[in-house]
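Student: What follows is coords-v8.txt, made up of compact mmCIF, N, CA and C atoms:
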# COMPACT_ATOMS: atom_id res chain seq x y z
N MET A 1 274.32 42.55 -53.35
CA MET A 1 274.98 43.56 -52.55
C MET A 1 274.07 43.98 -51.41
N ASN A 2 274.67 44.33 -50.28
CA ASN A 2 273.92 44.85 -49.15
C ASN A 2 274.09 46.36 -49.07
N CYS A 3 273.09 47.02 -48.53
CA CYS A 3 273.09 48.47 -48.37
C CYS A 3 274.23 48.90 -47.43
N PRO A 4 275.00 49.93 -47.82
CA PRO A 4 276.08 50.38 -46.94
C PRO A 4 275.58 51.10 -45.68
N LYS A 5 274.31 51.53 -45.67
CA LYS A 5 273.78 52.22 -44.49
C LYS A 5 273.15 51.26 -43.49
N CYS A 6 272.31 50.32 -43.98
CA CYS A 6 271.57 49.46 -43.04
C CYS A 6 271.84 47.97 -43.23
N GLN A 7 272.65 47.61 -44.21
CA GLN A 7 273.03 46.22 -44.50
C GLN A 7 271.89 45.34 -45.03
N ALA A 8 270.75 45.92 -45.38
CA ALA A 8 269.67 45.14 -45.99
C ALA A 8 270.02 44.88 -47.46
N PRO A 9 269.48 43.84 -48.06
CA PRO A 9 269.73 43.59 -49.48
C PRO A 9 269.17 44.74 -50.33
N VAL A 10 269.87 45.07 -51.41
CA VAL A 10 269.42 46.12 -52.31
C VAL A 10 268.95 45.51 -53.62
N ARG A 11 268.10 46.22 -54.33
CA ARG A 11 267.69 45.78 -55.67
C ARG A 11 268.36 46.67 -56.70
N GLU A 12 268.55 46.12 -57.88
CA GLU A 12 269.26 46.83 -58.94
C GLU A 12 268.30 47.13 -60.09
N THR A 13 268.36 48.37 -60.59
CA THR A 13 267.53 48.80 -61.71
C THR A 13 268.43 49.16 -62.88
N SER A 14 268.06 48.76 -64.08
CA SER A 14 268.87 49.04 -65.27
C SER A 14 268.92 50.52 -65.56
N GLY A 15 270.12 51.03 -65.86
CA GLY A 15 270.30 52.43 -66.23
C GLY A 15 270.28 53.37 -65.05
N SER A 16 270.71 54.59 -65.31
CA SER A 16 270.72 55.63 -64.28
C SER A 16 270.72 56.99 -64.97
N PRO A 17 270.54 58.07 -64.22
CA PRO A 17 270.63 59.40 -64.82
C PRO A 17 272.03 59.73 -65.33
N VAL A 18 273.06 59.03 -64.85
CA VAL A 18 274.43 59.26 -65.29
C VAL A 18 274.67 58.60 -66.64
N SER A 19 274.21 57.37 -66.80
CA SER A 19 274.47 56.61 -68.02
C SER A 19 273.49 55.46 -68.12
N PRO A 20 273.08 55.11 -69.34
CA PRO A 20 272.23 53.92 -69.49
C PRO A 20 272.99 52.63 -69.20
N HIS A 21 274.33 52.72 -69.11
CA HIS A 21 275.16 51.54 -68.87
C HIS A 21 275.53 51.37 -67.40
N ILE A 22 275.21 52.34 -66.55
CA ILE A 22 275.49 52.24 -65.11
C ILE A 22 274.15 52.10 -64.40
N ASN A 23 273.95 50.97 -63.74
CA ASN A 23 272.69 50.70 -63.07
C ASN A 23 272.59 51.40 -61.73
N THR A 24 271.39 51.44 -61.18
CA THR A 24 271.12 52.09 -59.91
C THR A 24 270.74 51.05 -58.87
N TYR A 25 271.30 51.16 -57.66
CA TYR A 25 270.92 50.33 -56.53
C TYR A 25 269.88 51.07 -55.70
N HIS A 26 268.92 50.34 -55.15
CA HIS A 26 267.87 50.91 -54.28
C HIS A 26 267.72 50.03 -53.05
N CYS A 27 267.67 50.65 -51.88
CA CYS A 27 267.40 49.93 -50.63
C CYS A 27 265.99 50.29 -50.19
N ASP A 28 265.13 49.29 -50.12
CA ASP A 28 263.75 49.54 -49.70
C ASP A 28 263.63 49.75 -48.20
N SER A 29 264.61 49.30 -47.42
CA SER A 29 264.56 49.44 -45.97
C SER A 29 264.82 50.86 -45.50
N CYS A 30 265.86 51.52 -46.07
CA CYS A 30 266.22 52.85 -45.57
C CYS A 30 266.21 53.94 -46.66
N SER A 31 265.79 53.58 -47.86
CA SER A 31 265.68 54.51 -49.00
C SER A 31 267.02 54.97 -49.56
N TRP A 32 268.13 54.28 -49.23
CA TRP A 32 269.43 54.62 -49.82
C TRP A 32 269.41 54.30 -51.31
N HIS A 33 270.03 55.16 -52.11
CA HIS A 33 270.18 54.93 -53.54
C HIS A 33 271.66 55.09 -53.88
N GLY A 34 272.15 54.27 -54.76
CA GLY A 34 273.53 54.36 -55.19
C GLY A 34 273.67 53.93 -56.63
N LEU A 35 274.74 54.36 -57.26
CA LEU A 35 275.02 53.98 -58.64
C LEU A 35 275.98 52.82 -58.65
N ARG A 36 275.70 51.82 -59.47
CA ARG A 36 276.55 50.63 -59.56
C ARG A 36 277.83 50.97 -60.30
N CYS A 37 278.90 50.31 -59.93
CA CYS A 37 280.20 50.48 -60.57
C CYS A 37 280.07 50.24 -62.08
N GLY A 38 280.81 51.01 -62.87
CA GLY A 38 280.79 50.87 -64.32
C GLY A 38 281.59 49.69 -64.84
N ASP A 39 282.38 49.05 -63.97
CA ASP A 39 283.12 47.84 -64.35
C ASP A 39 282.15 46.67 -64.22
N THR A 40 281.84 46.00 -65.32
CA THR A 40 280.81 44.96 -65.30
C THR A 40 281.17 43.76 -64.44
N SER A 41 282.44 43.59 -64.07
CA SER A 41 282.82 42.46 -63.23
C SER A 41 282.76 42.80 -61.74
N CYS A 42 282.42 44.05 -61.41
CA CYS A 42 282.38 44.51 -60.02
C CYS A 42 280.94 44.82 -59.62
N HIS A 43 280.61 44.57 -58.36
CA HIS A 43 279.28 44.88 -57.85
C HIS A 43 279.32 45.98 -56.79
N GLY A 44 280.38 46.79 -56.81
CA GLY A 44 280.50 47.90 -55.87
C GLY A 44 279.58 49.05 -56.26
N TYR A 45 279.59 50.10 -55.46
CA TYR A 45 278.78 51.28 -55.76
C TYR A 45 279.69 52.50 -55.86
N LEU A 46 279.20 53.52 -56.52
CA LEU A 46 279.98 54.72 -56.81
C LEU A 46 279.74 55.82 -55.78
N GLU A 47 280.82 56.47 -55.39
CA GLU A 47 280.77 57.66 -54.53
C GLU A 47 281.14 58.86 -55.38
N PRO A 48 280.37 59.96 -55.31
CA PRO A 48 280.71 61.16 -56.08
C PRO A 48 281.87 61.93 -55.45
N GLU A 49 282.68 62.55 -56.29
CA GLU A 49 283.81 63.36 -55.83
C GLU A 49 283.78 64.68 -56.61
N GLU A 50 283.83 65.77 -55.90
CA GLU A 50 283.79 67.09 -56.55
C GLU A 50 284.98 67.31 -57.47
N MET A 51 284.74 67.93 -58.62
CA MET A 51 285.80 68.23 -59.58
C MET A 51 285.96 69.73 -59.79
N GLY A 52 285.12 70.53 -59.18
CA GLY A 52 285.19 71.98 -59.37
C GLY A 52 284.28 72.50 -60.47
N TYR A 53 283.46 71.63 -61.03
CA TYR A 53 282.50 72.03 -62.06
C TYR A 53 281.10 71.90 -61.47
N GLY A 54 280.23 72.83 -61.80
CA GLY A 54 278.90 72.86 -61.20
C GLY A 54 278.03 71.66 -61.50
N SER A 55 278.13 71.10 -62.70
CA SER A 55 277.20 70.03 -63.06
C SER A 55 277.89 68.69 -63.31
N THR A 56 279.20 68.59 -63.11
CA THR A 56 279.93 67.36 -63.38
C THR A 56 280.71 66.92 -62.15
N VAL A 57 280.68 65.64 -61.87
CA VAL A 57 281.45 65.07 -60.77
C VAL A 57 282.18 63.82 -61.26
N ARG A 58 283.21 63.43 -60.51
CA ARG A 58 283.89 62.16 -60.78
C ARG A 58 283.29 61.14 -59.84
N TYR A 59 282.95 59.98 -60.37
CA TYR A 59 282.44 58.88 -59.57
C TYR A 59 283.52 57.83 -59.42
N SER A 60 283.74 57.36 -58.19
CA SER A 60 284.74 56.33 -57.91
C SER A 60 284.08 55.17 -57.20
N CYS A 61 284.43 53.95 -57.61
CA CYS A 61 283.89 52.75 -56.99
C CYS A 61 284.58 52.51 -55.65
N VAL A 62 283.80 52.22 -54.62
CA VAL A 62 284.35 51.97 -53.30
C VAL A 62 284.99 50.59 -53.21
N THR A 63 284.72 49.71 -54.17
CA THR A 63 285.24 48.35 -54.13
C THR A 63 286.50 48.17 -54.98
N CYS A 64 286.45 48.57 -56.26
CA CYS A 64 287.57 48.28 -57.16
C CYS A 64 288.36 49.51 -57.59
N GLY A 65 287.86 50.71 -57.29
CA GLY A 65 288.57 51.93 -57.65
C GLY A 65 288.27 52.45 -59.04
N TRP A 66 287.36 51.81 -59.80
CA TRP A 66 286.97 52.30 -61.12
C TRP A 66 286.50 53.74 -61.00
N THR A 67 286.86 54.61 -61.95
CA THR A 67 286.40 55.99 -61.92
C THR A 67 285.83 56.38 -63.27
N GLY A 68 284.94 57.34 -63.23
CA GLY A 68 284.35 57.90 -64.43
C GLY A 68 283.71 59.23 -64.08
N THR A 69 283.54 60.08 -65.06
CA THR A 69 282.89 61.36 -64.82
C THR A 69 281.49 61.34 -65.39
N GLY A 70 280.63 62.14 -64.82
CA GLY A 70 279.26 62.19 -65.29
C GLY A 70 278.51 63.35 -64.67
N ALA A 71 277.27 63.45 -65.04
CA ALA A 71 276.39 64.50 -64.52
C ALA A 71 276.21 64.31 -63.02
N ARG A 72 276.05 65.42 -62.33
CA ARG A 72 275.78 65.38 -60.88
C ARG A 72 274.39 64.76 -60.68
N VAL A 73 274.34 63.73 -59.85
CA VAL A 73 273.10 63.05 -59.54
C VAL A 73 272.97 63.00 -58.04
N LEU A 74 271.83 63.40 -57.52
CA LEU A 74 271.62 63.35 -56.08
C LEU A 74 271.20 61.95 -55.70
N VAL A 75 272.07 61.27 -54.94
CA VAL A 75 271.74 59.96 -54.40
C VAL A 75 271.87 60.04 -52.90
N ALA A 76 270.89 59.53 -52.22
CA ALA A 76 270.88 59.60 -50.76
C ALA A 76 271.75 58.56 -50.14
Can I see the file as structure tokens?

Tutor:
Amino acid sequence: MNCPKCQAPVRETSGSPVSPHINTYHCDSCSWHGLRCGDTSCHGYLEPEEMGYGSTVRYSCVTCGWTGTGARVLVA
């Protein structure tokens, strides 16, 4: 996958603060971080969406539309 901000290749790290089953993407060029889609057949990244709760957000994949809820995680 390429970074959505600068289009450089990103590296993937196992696990994330949201779930041990959702990996984290890191871009070394511009410091962008993103959460990988929870659908194992997709390589998209998750965008947070407010749900009205202070510590919980809904994450939606920009590629396949997969959604899930989890703890609020600050990703740049």

Student: In Å, with one decimal, what is the gap from atom CA of A:Gly68 to atom C of A:Ser29?

Tutor: 28.1 Å

Student: Please identify which residues in chain A DSSP calls strand (DSSP E) from the backbone, and express them as a list in words.

Tutor: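 Listing strand (DSSP E) positions across chain A yields Arg11, Glu12, Thr13, Thr24, Tyr25, His26, His33, Gly34, Leu35, Arg36, Tyr45, Leu46, Glu47, Pro48, Glu49, Glu50, Thr56, Val57, Arg58, Tyr59, Ser60, Cys61, Thr67, Gly68, Thr69, Gly70 and Ala71 of chain A.
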
Student: Using Å and a single decimal, report how far atom N of A:Gly34 sits from atom C of A:Pro20.

Tutor: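 If I compute the distance from atom C of A:Pro20 to atom N of A:Gly34, I get 14.6 Å.
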
Student: Residues at most 7 Å from A:Pro17, counting all atoms listed in the file, excluding those fewer than 3 positions away in the same chain, as a PyMOL selection string?

Tutor: chain A and resi 20+22+71+73

Student: Counting only C-alpha atoms, figure out which residue out of A:His26, A:Arg72, A:Arg11, A:His21 gets nearest to A:Asp39.

Tutor: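 Selected residue with least distance to A:Asp39: A:His21.
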
Student: Show which residues sit within 8 Å of A:Cys3, as a PyMOL selection string. Count only C-alpha atoms, and ignore same-chain residues fewer than 4 positions away.

Tutor: chain A and resi 7-10+27+32

Student: Identify which of the residues A:Tyr53, A:Tyr45, A:Tyr59, A:Trp66 lies closest to A:Met1, counting only C-alpha atoms when measuring atom-to-atom distances.

Tutor: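 The shortest atom-to-atom distance to A:Met1 comes from A:Tyr45.
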
Student: Would you work out the distance separating atom CA of A:Thr13 from atom CA of A:Ser55, expressed in Å to one decimal?

Tutor: 23.4 Å
